[in-house]
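> Contents of model.txt (compact mmCIF, C-alpha atoms and all ligand atoms) are below:
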# COMPACT_ATOMS: atom_id res chain seq x y z
CA MET D 24 223.77 -191.71 -57.35
CA SER D 25 221.46 -188.99 -58.66
CA LEU D 26 217.89 -188.28 -57.66
CA SER D 27 215.03 -189.26 -59.93
CA ARG D 28 212.53 -186.59 -60.99
CA ARG D 29 209.88 -188.42 -58.96
CA ASP D 30 212.03 -188.21 -55.81
CA PHE D 31 212.61 -184.53 -56.41
CA VAL D 32 208.90 -183.76 -56.87
CA GLN D 33 208.21 -185.78 -53.73
CA LYS D 34 210.70 -183.62 -51.78
CA LEU D 35 209.06 -180.44 -53.04
CA SER D 36 205.62 -181.60 -51.99
CA THR D 37 207.00 -182.50 -48.54
CA ILE D 38 208.33 -178.97 -48.19
CA THR D 39 204.90 -177.56 -49.11
CA ALA D 40 203.17 -179.89 -46.64
CA LEU D 41 205.26 -178.43 -43.83
CA SER D 42 203.12 -175.31 -43.87
CA ALA D 43 200.60 -177.45 -41.94
CA LEU D 44 202.87 -177.46 -38.88
CA ILE D 45 201.56 -175.17 -36.18
CA ASN D 46 204.93 -173.76 -35.14
CA PRO D 47 206.45 -171.61 -37.92
CA VAL D 48 209.97 -171.77 -36.43
CA VAL D 49 209.97 -175.57 -36.34
CA ALA D 50 208.43 -175.64 -39.82
CA LYS D 51 211.20 -173.36 -41.11
CA ASN D 52 213.97 -175.47 -39.50
CA LEU D 53 212.55 -178.62 -41.00
CA ARG D 54 212.09 -176.98 -44.38
CA ASP D 55 215.72 -175.79 -44.32
CA ALA D 56 216.96 -179.25 -43.39
CA ILE D 57 215.01 -180.88 -46.22
CA GLU D 58 216.06 -178.22 -48.75
CA ASP D 59 219.73 -178.65 -47.79
CA THR D 60 219.54 -182.33 -48.67
CA ALA D 61 217.38 -181.92 -51.76
CA LEU D 62 220.02 -183.40 -54.06
CA MET D 63 220.97 -186.33 -51.82
CA THR D 64 219.66 -189.88 -51.94
CA ASP D 65 217.93 -191.37 -48.89
CA LYS D 66 221.03 -193.47 -48.20
CA GLU D 67 223.27 -190.39 -48.21
CA ILE D 68 220.83 -188.60 -45.93
CA ALA D 69 220.80 -191.57 -43.52
CA GLU D 70 224.51 -191.00 -42.93
CA ASN D 71 224.40 -187.20 -42.83
CA GLU D 72 224.80 -185.98 -39.23
CA ASN D 73 223.98 -182.36 -40.17
CA PHE D 74 220.51 -183.27 -41.38
CA TRP D 75 219.66 -185.34 -38.32
CA ARG D 76 221.05 -182.67 -35.95
CA LYS D 77 218.42 -180.33 -37.39
CA ILE D 78 215.75 -182.97 -36.79
CA ARG D 79 217.07 -183.35 -33.24
CA ASP D 80 216.58 -179.61 -32.68
CA THR D 81 212.85 -180.00 -33.27
CA PHE D 82 212.61 -182.09 -30.06
CA GLY D 83 213.03 -180.77 -26.50
CA LEU D 84 215.43 -183.38 -25.12
CA SER D 85 217.17 -184.03 -21.81
CA SER D 86 220.56 -182.35 -21.60
CA THR D 87 221.73 -184.64 -18.80
CA MET D 88 220.90 -188.14 -20.01
CA ILE D 89 221.17 -190.10 -23.27
CA ASN D 90 217.87 -191.80 -24.04
CA LEU D 91 218.39 -195.17 -25.68
CA ASN D 92 215.08 -196.62 -24.60
CA ASN D 93 212.91 -195.13 -27.31
CA GLY D 94 211.35 -198.56 -27.74
CA GLY D 95 209.38 -197.94 -24.55
CA VAL D 96 207.77 -194.73 -25.74
CA SER D 97 208.93 -191.88 -27.98
CA PRO D 98 209.37 -188.27 -27.07
CA GLN D 99 207.17 -185.97 -29.13
CA PRO D 100 208.58 -183.23 -31.36
CA ILE D 101 207.84 -179.76 -30.02
CA VAL D 102 205.09 -179.19 -32.60
CA VAL D 103 203.16 -182.17 -31.24
CA GLN D 104 203.52 -181.02 -27.64
CA GLU D 105 202.38 -177.54 -28.58
CA ALA D 106 199.33 -178.86 -30.43
CA VAL D 107 198.24 -180.85 -27.38
CA GLU D 108 198.73 -177.83 -25.13
CA LYS D 109 196.79 -175.60 -27.53
CA TYR D 110 193.84 -178.00 -27.79
CA ASN D 111 193.87 -178.61 -24.07
CA ARG D 112 193.66 -174.88 -23.32
CA LEU D 113 190.86 -174.57 -25.86
CA SER D 114 189.01 -177.52 -24.29
CA ASN D 115 189.25 -175.86 -20.90
CA GLU D 116 187.49 -172.72 -22.14
CA ILE D 117 184.14 -174.57 -22.51
CA PRO D 118 184.86 -178.33 -22.28
CA SER D 119 181.55 -179.76 -23.46
CA TYR D 120 181.40 -177.36 -26.42
CA TYR D 121 184.96 -177.58 -27.65
CA MET D 122 185.48 -181.29 -26.89
CA TRP D 123 182.19 -182.74 -28.06
CA ARG D 124 181.13 -180.30 -30.78
CA ILE D 125 184.43 -179.18 -32.27
CA LEU D 126 187.42 -181.43 -31.53
CA ASP D 127 185.37 -184.64 -31.78
CA LYS D 128 184.93 -183.85 -35.50
CA GLY D 129 188.69 -183.76 -35.96
CA ARG D 130 188.85 -187.55 -35.64
CA GLU D 131 187.65 -188.12 -39.22
CA PRO D 132 190.50 -186.35 -41.03
CA ILE D 133 192.99 -188.09 -38.74
CA ARG D 134 191.40 -191.44 -39.59
CA GLN D 135 191.86 -190.63 -43.28
CA ARG D 136 195.52 -189.73 -42.78
CA LEU D 137 196.26 -192.88 -40.73
CA ALA D 138 194.59 -195.01 -43.39
CA LYS D 139 196.76 -193.40 -46.07
CA LEU D 140 199.90 -194.03 -44.01
CA THR D 141 199.07 -197.70 -43.55
CA ASP D 142 197.57 -198.32 -47.01
CA CYS D 143 194.05 -199.34 -46.05
CA SER D 144 190.59 -197.79 -46.06
CA ALA D 145 189.64 -195.16 -43.46
CA GLU D 146 186.58 -197.35 -42.81
CA GLU D 147 188.99 -199.97 -41.37
CA ILE D 148 190.72 -197.70 -38.83
CA ALA D 149 189.57 -197.01 -35.27
CA ILE D 150 191.47 -194.50 -33.15
CA ASN D 151 192.04 -195.43 -29.53
CA ARG D 152 194.64 -195.18 -26.79
CA ASN D 153 197.31 -197.83 -27.38
CA THR D 154 198.25 -201.26 -28.75
CA SER D 155 196.97 -203.05 -25.65
CA GLU D 156 193.51 -201.54 -26.09
CA ALA D 157 193.51 -202.20 -29.84
CA LEU D 158 194.56 -205.85 -29.61
CA GLU D 159 192.49 -206.67 -26.53
CA THR D 160 189.44 -205.33 -28.38
CA ILE D 161 189.96 -208.20 -30.80
CA ILE D 162 191.11 -210.80 -28.28
CA PHE D 163 188.02 -210.25 -26.11
CA GLY D 164 185.69 -209.31 -28.97
CA LEU D 165 185.96 -212.43 -31.14
CA GLU D 166 183.33 -215.12 -30.75
CA LEU D 167 185.47 -218.04 -29.58
CA LYS D 168 184.21 -221.14 -27.85
CA LYS D 169 185.63 -223.86 -25.62
CA GLY D 170 188.24 -225.92 -27.45
CA ASP D 171 188.99 -223.29 -30.11
CA GLU D 172 192.75 -222.99 -30.56
CA ILE D 173 194.91 -219.88 -30.74
CA ILE D 174 198.55 -219.91 -31.83
CA LEU D 175 200.82 -217.36 -30.13
CA SER D 176 204.42 -217.18 -28.97
CA LYS D 177 206.13 -217.14 -25.59
CA GLN D 178 207.97 -214.02 -26.77
CA ASP D 179 204.79 -211.99 -27.45
CA TYR D 180 204.08 -208.93 -25.33
CA PRO D 181 202.88 -209.80 -21.78
CA ASN D 182 199.61 -207.78 -22.03
CA MET D 183 198.55 -209.86 -24.99
CA ILE D 184 199.63 -213.16 -23.44
CA ASN D 185 197.67 -212.25 -20.30
CA ALA D 186 194.57 -211.42 -22.33
CA TYR D 187 194.64 -214.84 -24.04
CA LYS D 188 195.26 -216.57 -20.71
CA GLN D 189 192.25 -214.77 -19.24
CA ARG D 190 190.08 -215.95 -22.15
CA ALA D 191 191.41 -219.47 -21.70
CA MET D 192 190.46 -219.28 -18.01
CA ARG D 193 186.95 -217.93 -18.68
CA ASP D 194 185.99 -219.54 -21.97
CA GLY D 195 188.16 -222.64 -22.26
CA ILE D 196 190.01 -221.62 -25.43
CA VAL D 197 193.25 -223.55 -25.91
CA LEU D 198 196.61 -221.79 -26.30
CA LYS D 199 199.24 -223.40 -28.54
CA TRP D 200 202.68 -221.93 -27.97
CA VAL D 201 205.55 -221.24 -30.36
CA SER D 202 208.84 -220.69 -28.53
CA LEU D 203 211.26 -218.66 -30.63
CA GLU D 204 215.01 -219.16 -30.24
CA LEU D 205 216.32 -215.63 -30.77
CA PRO D 206 218.28 -214.36 -32.61
CA GLN D 207 216.97 -216.28 -35.58
CA ASN D 208 218.37 -215.81 -39.09
CA ASN D 209 216.08 -218.19 -40.88
CA ASN D 210 212.59 -216.87 -41.54
CA GLU D 211 211.46 -220.17 -43.05
CA ASP D 212 212.07 -221.91 -39.72
CA ILE D 213 209.96 -219.30 -37.94
CA VAL D 214 207.07 -219.70 -40.38
CA GLN D 215 207.37 -223.47 -40.02
CA GLN D 216 207.10 -223.22 -36.23
CA TYR D 217 203.76 -221.41 -36.52
CA GLU D 218 202.52 -223.68 -39.30
CA SER D 219 203.32 -226.86 -37.38
CA LEU D 220 200.84 -225.90 -34.65
CA ILE D 221 197.87 -225.44 -36.99
CA THR D 222 195.06 -227.96 -36.53
CA SER D 223 191.44 -228.13 -37.64
CA LYS D 224 190.54 -226.28 -34.41
CA THR D 225 192.85 -223.29 -34.97
CA LYS D 226 190.87 -220.05 -35.14
CA LEU D 227 193.50 -217.33 -34.80
CA VAL D 228 197.26 -216.80 -35.14
CA HIS D 229 198.77 -213.95 -33.10
CA ILE D 230 201.94 -212.45 -34.66
CA THR D 231 204.20 -209.89 -33.04
CA HIS D 232 205.65 -208.00 -36.01
CA VAL D 233 208.74 -206.88 -34.08
CA ILE D 234 209.68 -208.77 -30.93
CA ASN D 235 210.04 -205.92 -28.45
CA TRP D 236 212.69 -207.67 -26.30
CA THR D 237 215.32 -207.92 -29.05
CA GLY D 238 214.01 -206.07 -32.12
CA GLN D 239 213.79 -209.22 -34.29
CA ILE D 240 211.36 -208.63 -37.17
CA LEU D 241 209.14 -211.68 -37.75
CA PRO D 242 208.05 -212.75 -41.26
CA ALA D 243 204.50 -211.61 -40.53
CA LYS D 244 203.36 -211.60 -44.15
CA GLU D 245 204.52 -215.19 -44.69
CA ILE D 246 202.85 -216.39 -41.46
CA VAL D 247 199.61 -214.65 -42.51
CA GLU D 248 199.83 -216.37 -45.91
CA VAL D 249 200.17 -219.82 -44.37
CA ALA D 250 197.21 -219.19 -42.03
CA ALA D 251 195.02 -217.57 -44.69
CA LYS D 252 195.42 -220.63 -46.96
CA LYS D 253 193.67 -222.62 -44.22
CA ASN D 254 191.03 -219.93 -43.57
CA ILE D 255 192.53 -219.04 -40.22
CA GLU D 256 192.40 -215.43 -39.05
CA THR D 257 195.51 -213.46 -38.12
CA ILE D 258 196.13 -210.59 -35.72
CA VAL D 259 199.33 -208.53 -35.88
CA ASP D 260 200.88 -206.68 -32.95
CA ALA D 261 202.42 -203.74 -34.81
CA ALA D 262 203.46 -201.78 -31.69
CA HIS D 263 207.04 -201.65 -32.95
CA SER D 264 206.64 -201.81 -36.70
CA PHE D 265 204.21 -199.02 -37.55
CA ALA D 266 206.05 -195.78 -38.51
CA HIS D 267 209.37 -197.54 -37.78
CA PHE D 268 209.78 -199.17 -41.18
CA ASP D 269 207.85 -199.20 -44.40
CA PHE D 270 205.06 -201.74 -44.76
CA SER D 271 201.51 -201.79 -46.01
CA ILE D 272 198.59 -203.42 -44.22
CA LYS D 273 197.08 -204.32 -47.58
CA ASP D 274 200.26 -206.19 -48.46
CA LEU D 275 200.49 -207.83 -45.03
CA ASN D 276 196.90 -209.00 -45.55
CA CYS D 277 196.19 -209.69 -41.86
CA ASP D 278 192.63 -209.51 -40.50
CA TYR D 279 193.40 -207.39 -37.44
CA LEU D 280 196.28 -205.13 -36.41
CA GLY D 281 196.91 -202.87 -33.45
CA THR D 282 199.58 -200.28 -32.77
CA SER D 283 200.51 -197.43 -30.47
CA LEU D 284 201.00 -194.05 -32.08
CA HIS D 285 203.10 -192.82 -29.13
CA LYS D 286 205.93 -195.14 -30.17
CA TRP D 287 207.46 -194.68 -33.62
CA LEU D 288 205.04 -192.05 -34.92
CA CYS D 289 205.99 -189.74 -32.00
CA ALA D 290 202.31 -188.90 -31.40
CA PRO D 291 201.00 -187.83 -27.96
CA PHE D 292 201.21 -190.33 -25.10
CA GLY D 293 198.08 -192.48 -24.96
CA THR D 294 197.23 -192.66 -28.67
CA GLY D 295 196.73 -195.86 -30.63
CA MET D 296 195.07 -197.39 -33.64
CA LEU D 297 193.13 -200.54 -34.49
CA PHE D 298 192.78 -201.93 -38.02
CA VAL D 299 190.01 -204.42 -38.79
CA LYS D 300 189.48 -205.77 -42.30
CA LYS D 301 186.18 -204.30 -43.51
CA GLU D 302 184.33 -207.60 -43.86
CA LYS D 303 185.41 -208.75 -40.37
CA ILE D 304 184.17 -205.70 -38.42
CA LYS D 305 180.67 -207.11 -37.90
CA ASN D 306 182.08 -210.26 -36.26
CA VAL D 307 183.91 -208.47 -33.43
CA TYR D 308 182.13 -207.19 -30.32
CA PRO D 309 183.48 -203.82 -29.14
CA LEU D 310 185.30 -203.85 -25.80
CA LEU D 311 183.30 -200.84 -24.65
CA ALA D 312 179.71 -201.41 -25.70
CA ASN D 313 177.97 -199.61 -28.48
CA ASP D 314 174.26 -199.48 -29.41
CA ASN D 315 174.90 -201.78 -32.38
CA PRO D 316 177.69 -204.22 -31.48
CA LYS D 317 177.23 -206.26 -34.68
CA SER D 318 177.51 -203.23 -36.93
CA SER D 319 180.06 -203.02 -39.74
CA ASN D 320 180.97 -199.47 -38.82
CA ILE D 321 184.53 -199.24 -37.49
CA ARG D 322 183.49 -196.34 -35.22
CA LYS D 323 181.73 -198.83 -32.93
CA PHE D 324 185.19 -199.44 -31.42
CA GLU D 325 185.50 -195.80 -30.40
CA SER D 326 182.81 -195.62 -27.68
CA LEU D 327 185.48 -194.76 -25.15
CA GLY D 328 183.44 -192.17 -23.25
CA THR D 329 185.19 -188.96 -22.32
CA ARG D 330 188.84 -189.05 -23.24
CA SER D 331 191.52 -186.46 -23.97
CA PHE D 332 190.43 -184.92 -27.25
CA ALA D 333 193.49 -182.67 -27.12
CA THR D 334 195.77 -185.70 -27.07
CA GLU D 335 193.91 -187.29 -29.95
CA GLN D 336 194.13 -184.11 -32.04
CA GLY D 337 197.89 -183.98 -31.50
CA ILE D 338 198.16 -187.07 -33.77
CA ASP D 339 197.65 -184.78 -36.76
CA GLN D 340 200.87 -182.82 -36.15
CA ALA D 341 202.76 -186.07 -35.53
CA ILE D 342 201.66 -187.35 -38.96
CA THR D 343 202.72 -184.10 -40.66
CA PHE D 344 206.12 -184.29 -38.94
CA HIS D 345 206.53 -187.97 -39.85
CA GLU D 346 205.55 -187.37 -43.49
CA ALA D 347 207.92 -184.41 -43.75
CA ILE D 348 210.85 -186.73 -43.02
CA GLY D 349 209.36 -189.68 -44.88
CA ILE D 350 209.26 -193.33 -43.81
CA LYS D 351 211.99 -194.49 -46.20
CA LYS D 352 214.48 -191.93 -44.90
CA LYS D 353 213.50 -192.66 -41.31
CA GLN D 354 213.87 -196.41 -41.76
CA LYS D 355 217.29 -196.05 -43.39
CA ARG D 356 218.55 -193.76 -40.65
CA LEU D 357 217.29 -196.06 -37.87
CA HIS D 358 218.86 -199.11 -39.49
CA HIS D 359 222.09 -197.17 -39.98
CA LEU D 360 222.20 -196.12 -36.30
CA LYS D 361 221.63 -199.68 -35.08
CA ASN D 362 224.38 -201.04 -37.32
CA TYR D 363 226.70 -198.18 -36.34
CA TRP D 364 226.98 -199.23 -32.68
CA VAL D 365 226.48 -202.97 -33.22
CA ASN D 366 229.37 -203.13 -35.71
CA LYS D 367 231.66 -201.44 -33.20
CA VAL D 368 230.92 -203.79 -30.29
CA LYS D 369 230.08 -207.15 -31.84
CA ASN D 370 233.68 -208.40 -31.89
CA ILE D 371 234.60 -207.27 -28.38
CA SER D 372 235.26 -210.32 -26.24
CA ASN D 373 232.53 -211.14 -23.70
CA VAL D 374 229.93 -209.18 -25.74
CA SER D 375 227.09 -210.96 -27.58
CA ILE D 376 224.55 -209.41 -29.89
CA ASN D 377 221.11 -210.96 -29.54
CA THR D 378 219.61 -209.44 -32.69
CA PRO D 379 220.26 -210.32 -36.34
CA GLN D 380 221.55 -207.31 -38.32
CA LYS D 381 220.09 -207.92 -41.79
CA LYS D 382 217.68 -205.30 -43.13
CA ASN D 383 214.65 -207.60 -43.20
CA LEU D 384 215.37 -208.99 -39.69
CA SER D 385 215.83 -205.82 -37.61
CA CYS D 386 215.78 -202.04 -37.93
CA ALA D 387 216.40 -199.63 -35.01
CA ILE D 388 216.28 -202.03 -32.07
CA ALA D 389 219.06 -204.37 -30.97
CA ASN D 390 219.88 -206.24 -27.79
CA PHE D 391 223.26 -207.16 -26.32
CA SER D 392 224.62 -209.03 -23.34
CA ILE D 393 227.97 -209.20 -21.55
CA LYS D 394 229.33 -212.40 -20.05
CA ASN D 395 229.17 -212.56 -16.23
CA ARG D 396 226.91 -209.50 -15.99
CA THR D 397 223.14 -209.47 -15.58
CA PRO D 398 221.10 -207.07 -17.73
CA ILE D 399 220.11 -205.13 -14.61
CA GLU D 400 223.74 -204.73 -13.57
CA ILE D 401 224.66 -203.45 -17.03
CA CYS D 402 221.74 -201.02 -17.12
CA ASN D 403 222.67 -199.68 -13.68
CA ILE D 404 226.26 -199.09 -14.77
CA LEU D 405 225.10 -197.43 -18.00
CA GLN D 406 222.79 -195.17 -16.01
CA ASN D 407 225.10 -194.33 -13.11
CA ASP D 408 228.47 -194.09 -14.83
CA TYR D 409 227.59 -193.01 -18.37
CA ALA D 410 224.16 -191.30 -18.02
CA ILE D 411 222.66 -193.69 -20.57
CA HIS D 412 219.05 -194.78 -20.15
CA ALA D 413 218.46 -198.27 -21.62
CA SER D 414 216.10 -201.15 -20.98
CA ASN D 415 217.00 -204.44 -19.35
CA THR D 416 215.12 -207.36 -20.84
CA ARG D 417 214.52 -210.64 -19.13
CA ALA D 418 211.69 -212.61 -20.64
CA GLU D 419 211.23 -216.32 -21.21
CA ASN D 420 214.53 -217.38 -22.92
CA ILE D 421 215.80 -213.81 -23.52
CA SER D 422 218.25 -211.94 -21.34
CA GLY D 423 220.05 -208.75 -22.36
CA VAL D 424 220.02 -205.00 -22.65
CA ARG D 425 217.82 -203.43 -25.31
CA ILE D 426 219.16 -200.37 -27.09
CA THR D 427 216.72 -198.27 -29.09
CA PRO D 428 217.95 -195.10 -30.78
CA HIS D 429 215.50 -192.75 -32.49
CA ILE D 430 215.70 -190.25 -35.33
CA TYR D 431 217.09 -187.59 -32.99
CA THR D 432 219.91 -189.85 -31.69
CA THR D 433 223.40 -188.74 -32.74
CA LYS D 434 226.35 -190.95 -33.54
CA SER D 435 228.34 -189.19 -30.82
CA GLU D 436 225.78 -190.46 -28.30
CA LEU D 437 226.25 -193.95 -29.68
CA ASP D 438 230.04 -193.53 -29.38
CA ILE D 439 229.52 -193.05 -25.64
CA LEU D 440 227.49 -196.28 -25.58
CA VAL D 441 230.24 -198.12 -27.47
CA HIS D 442 232.85 -196.81 -25.04
CA ALA D 443 230.69 -197.86 -22.06
CA ILE D 444 230.13 -201.38 -23.43
CA SER D 445 233.84 -201.90 -24.11
CA GLU D 446 234.78 -200.73 -20.58
CA ILE D 447 232.14 -202.93 -18.91
CA ALA D 448 233.16 -205.93 -21.04
CA GLU D 449 236.83 -205.43 -20.24
CA LYS D 450 236.11 -205.54 -16.51
CA SER D 451 233.86 -208.61 -16.78
C1 LIG D 501 205.23 -205.72 -28.87
C2 LIG D 501 204.43 -204.81 -27.99
N1 LIG D 501 203.09 -204.95 -27.97
C3 LIG D 501 202.32 -204.18 -27.21
C4 LIG D 501 202.85 -203.19 -26.41
C5 LIG D 501 201.94 -202.37 -25.56
O1 LIG D 501 201.95 -201.04 -25.94
P1 LIG D 501 201.07 -200.01 -25.12
O2 LIG D 501 201.63 -199.94 -23.75
O3 LIG D 501 201.24 -198.73 -25.87
O4 LIG D 501 199.69 -200.52 -25.13
C6 LIG D 501 204.22 -203.01 -26.39
C7 LIG D 501 204.84 -201.99 -25.53
O5 LIG D 501 206.02 -201.78 -25.47
C8 LIG D 501 205.03 -203.84 -27.19
O6 LIG D 501 206.37 -203.72 -27.21
Could you show the structure in this file as structure tokens?

Amino acid sequence: MSLSRRDFVQKLSTITALSALINPVVAKNLRDAIEDTALMTDKEIAENENFWRKIRDTFGLSSTMINLNNGGVSPQPIVVQEAVEKYNRLSNEIPSYYMWRILDKGREPIRQRLAKLTDCSAEEIAINRNTSEALETIIFGLELKKGDEIILSKQDYPNMINAYKQRAMRDGIVLKWVSLELPQNNNEDIVQQYESLITSKTKLVHITHVINWTGQILPAKEIVEVAAKKNIETIVDAAHSFAHFDFSIKDLNCDYLGTSLHKWLCAPFGTGMLFVKKEKIKNVYPLLANDNPKSSNIRKFESLGTRSFATEQGIDQAITFHEAIGIKKKQKRLHHLKNYWVNKVKNISNVSINTPQKKNLSCAIANFSIKNRTPIEICNILQNDYAIHASNTRAENISGVRITPHIYTTKSELDILVHAISEIAEKS
């Protein structure tokens, strides 16, 4: 398949954009990698080990362990680490001058870039420290009263569940629970589960875009649609979807969304983002008070006090790095890596895959289990005998081992995983 002129022009502009990277060696390596694949389609690139080896070289990775728990938090490319170190050293020269008068101003261009990445207005984006902070700003900031109902799922992230339970305890809101049977191949059934809990008292539907335990992608847009028809607000936990696969907030049409930038964007640890639809900003009280809590200015959610400005500024290099590769290429590679190992183990006896494979139902993350072995046992064997770091998941009705490759993961690393799984299964 040949490249369209538009694709080619896009590649050229990516190469030009790389001049914004602070490390000229990394910029050159990336530029070379992109130039080498200039005539390939994204699908061909997804399967090209040479290209991704060059991407791998822009990270500083462990030489003793294989990291397959990138779902927890991502490593940062070297350019991002160097940016944080540079801004931190600068801050330490005269902290109050460099942090409050210089670096503080760097938040606005980053806001603009994040808005462009997510397809919304910069006036709808607040920069903070993580998904928990973003979503709890909404959960605690909405004016809810006794008897108001919230729909959420038993498989949502514990921090969010705990926040709703705390509001139920303090304010008497009522929690209505969906319980998802995962893996689930039928999106209509999922939407129906949420819809069936809607009553005249429902005020908010909480949707986890990607269930972190297994990697199942929920039909967030369709759930939002059903709620919006009944004038019910929606909040999306995008911890695992943002910068992992291509979607637009405008298209999703939710009212609120929170994500961590230290996951799939590979930004510095402790960086996150909150989206609030412009017309809803005035209705949400900030978690950390501001002089005008009813204002419509998104910046009212950024009264965090002193924070690491160096960390925040590192987001800029992470965006440049992410854009250089491009979300479509990244998504295809991640999906390809997941399918690569899943296809090799799914028919081994005693092995079950707890994640659907289809493109719209999962991307990088998948979860497996082995008969007669607990997830902890499997993770210990992977760690001790094969030097593989993975995550054991036991939550509600889910039990398994979560495997999350990243863009720097090689297929030879996944071959070691496949070998490990087949040996453990054989002995079980
Ligand atoms: C679905 C989901 N939501 C929220 C979070 C919380 O992210 P953070 O610790 O960055 O706040 C996570 C973390 O893994 C998650 O998987």
> Let me see if you get this right: every residue at most 8 Å from ligand LIG 501 (chain D), counting all atoms listed in the file, written as a VMD selection string.
chain D and resid 94 to 96 152 to 157 179 to 183 231 to 236 260 to 263 282 to 286 293 to 295
> Which polymer residues have any atom within 10 Å of an atom of Ile304 in chain D, counting only C-alpha atoms, with same-chain residues fewer than 4 positions away left out, as a PDB file with C-alpha atoms, in the frame of the given file?

ATOM      1  CA  GLU D 146     186.580-197.350 -42.810  1.00  0.00           C
ATOM      2  CA  GLU D 147     188.990-199.970 -41.370  1.00  0.00           C
ATOM      3  CA  ILE D 161     189.960-208.200 -30.800  1.00  0.00           C
ATOM      4  CA  ASP D 278     192.630-209.510 -40.500  1.00  0.00           C
ATOM      5  CA  TYR D 279     193.400-207.390 -37.440  1.00  0.00           C
ATOM      6  CA  PHE D 298     192.780-201.930 -38.020  1.00  0.00           C
ATOM      7  CA  VAL D 299     190.010-204.420 -38.790  1.00  0.00           C
ATOM      8  CA  LYS D 300     189.480-205.770 -42.300  1.00  0.00           C
ATOM      9  CA  TYR D 308     182.130-207.190 -30.320  1.00  0.00           C
ATOM     10  CA  PRO D 309     183.480-203.820 -29.140  1.00  0.00           C
ATOM     11  CA  PRO D 316     177.690-204.220 -31.480  1.00  0.00           C
ATOM     12  CA  LYS D 317     177.230-206.260 -34.680  1.00  0.00           C
ATOM     13  CA  SER D 318     177.510-203.230 -36.930  1.00  0.00           C
ATOM     14  CA  SER D 319     180.060-203.020 -39.740  1.00  0.00           C
ATOM     15  CA  ASN D 320     180.970-199.470 -38.820  1.00  0.00           C
ATOM     16  CA  ILE D 321     184.530-199.240 -37.490  1.00  0.00           C
ATOM     17  CA  ARG D 322     183.490-196.340 -35.220  1.00  0.00           C
ATOM     18  CA  LYS D 323     181.730-198.830 -32.930  1.00  0.00           C
ATOM     19  CA  PHE D 324     185.190-199.440 -31.420  1.00  0.00           C
TER      20      PHE D 324
END
> Can you work out the spacing between CA of Trp200 in chain D and CA of Ile246 in chain D in Å, to one decimal?
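One can read the CA of Trp200 in chain D to CA of Ile246 in chain D distance as 14.6 Å.
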> Kindly give the distance, in Å, that separates CA of Gly423 in chain D and CA of Gln239 in chain D, rounded to a single decimal.
13.5 Å
> Would you mind telling me which residue in D:Ile173, D:Asp438, D:Ala410, D:Phe344 lies nearest to Asn366 in chain D when using all atoms listed in the file?
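Nearest to Asn366 in chain D: D:Asp438.
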> Find the residue from D:Thr141, D:Ser451, D:Gln135, D:Thr427 that sits nearest to Leu275 in chain D; use only C-alpha atoms when measuring.
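Among D:Thr141, D:Ser451, D:Gln135, D:Thr427, it is D:Thr141 that comes nearest to Leu275 in chain D.
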> Determine, counting all atoms listed in the file, which protein, DNA and RNA residues have an atom within 8 Å of an atom of Lys224 in chain D; residues of the same chain fewer than 5 positions away are not included. Present the result as a compact mmCIF listing (two decimals) with C-alpha atoms, in the frame of the given file.

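Below is the file selection23.txt, written as the result:
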# COMPACT_ATOMS: atom_id res chain seq x y z
CA GLY D 170 188.24 -225.92 -27.45
CA ASP D 171 188.99 -223.29 -30.11
CA GLU D 172 192.75 -222.99 -30.56
> Find, counting only C-alpha atoms, the residue in D:Lys273, D:Lys66, D:Arg190, D:Arg76 that gets nearest to Asp142 in chain D.
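Among the listed residues, the smallest separation from Asp142 in chain D belongs to D:Lys273.
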> Tell me which of D:Val48, D:Leu357, D:Leu280, D:Ala443 sits closest to His429 in chain D, counting all atoms listed in the file.
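Nearest candidate to His429 in chain D out of D:Val48, D:Leu357, D:Leu280, D:Ala443: D:Leu357.
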> Ranking D:Met63, D:Lys382, D:Lys139, D:Trp364 by minimum distance to Leu440 in chain D and counting only C-alpha atoms, which one comes first?
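For Leu440 in chain D, the nearest of the given residues is D:Trp364.
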> Please, what distance in Å, to one decimal, runs between CA of Ala347 in chain D and CA of Leu53 in chain D?
7.9 Å
> When you look at range 120-131 of chain D with a cut-off of 8 Å (counting all atoms listed in the file), what residues show up, excluding the ones that are within fewer than 5 positions of it in the same chain? I need them as a ChimeraX atom specification.
/D:113-114,150,332-333,335-336
> Would you pick out the contacts of Tyr409 in chain D at 9 Å or less, using only C-alpha atoms, so that residues sharing its chain but fewer than 3 positions from it are not included, and give the list as a PyMOL selection string?
chain D and resi 88-89+404-406+412+439-440+443
> Do you know which residues are at most 9 Å from Ile399 in chain D counting all atoms listed in the file, after dropping those on the same chain fewer than 6 positions away, and could you put them as a PyMOL selection string?
chain D and resi 414-416+423-424
> Please, could you write that set of residues out with C-alpha atoms as an mmCIF file, keeping the file's coordinate frame?

data_model
loop_
_atom_site.group_PDB
_atom_site.id
_atom_site.type_symbol
_atom_site.label_atom_id
_atom_site.label_comp_id
_atom_site.auth_asym_id
_atom_site.auth_seq_id
_atom_site.Cartn_x
_atom_site.Cartn_y
_atom_site.Cartn_z
ATOM 1 C CA SER D 414 216.100 -201.150 -20.980
ATOM 2 C CA ASN D 415 217.000 -204.440 -19.350
ATOM 3 C CA THR D 416 215.120 -207.360 -20.840
ATOM 4 C CA GLY D 423 220.050 -208.750 -22.360
ATOM 5 C CA VAL D 424 220.020 -205.000 -22.650
#
> Calculated over all atoms listed in the file, which of the candidates D:Val307, D:Val249, D:Ala290, D:Ile388 has the smallest distance to Val102 in chain D?
D:Ala290
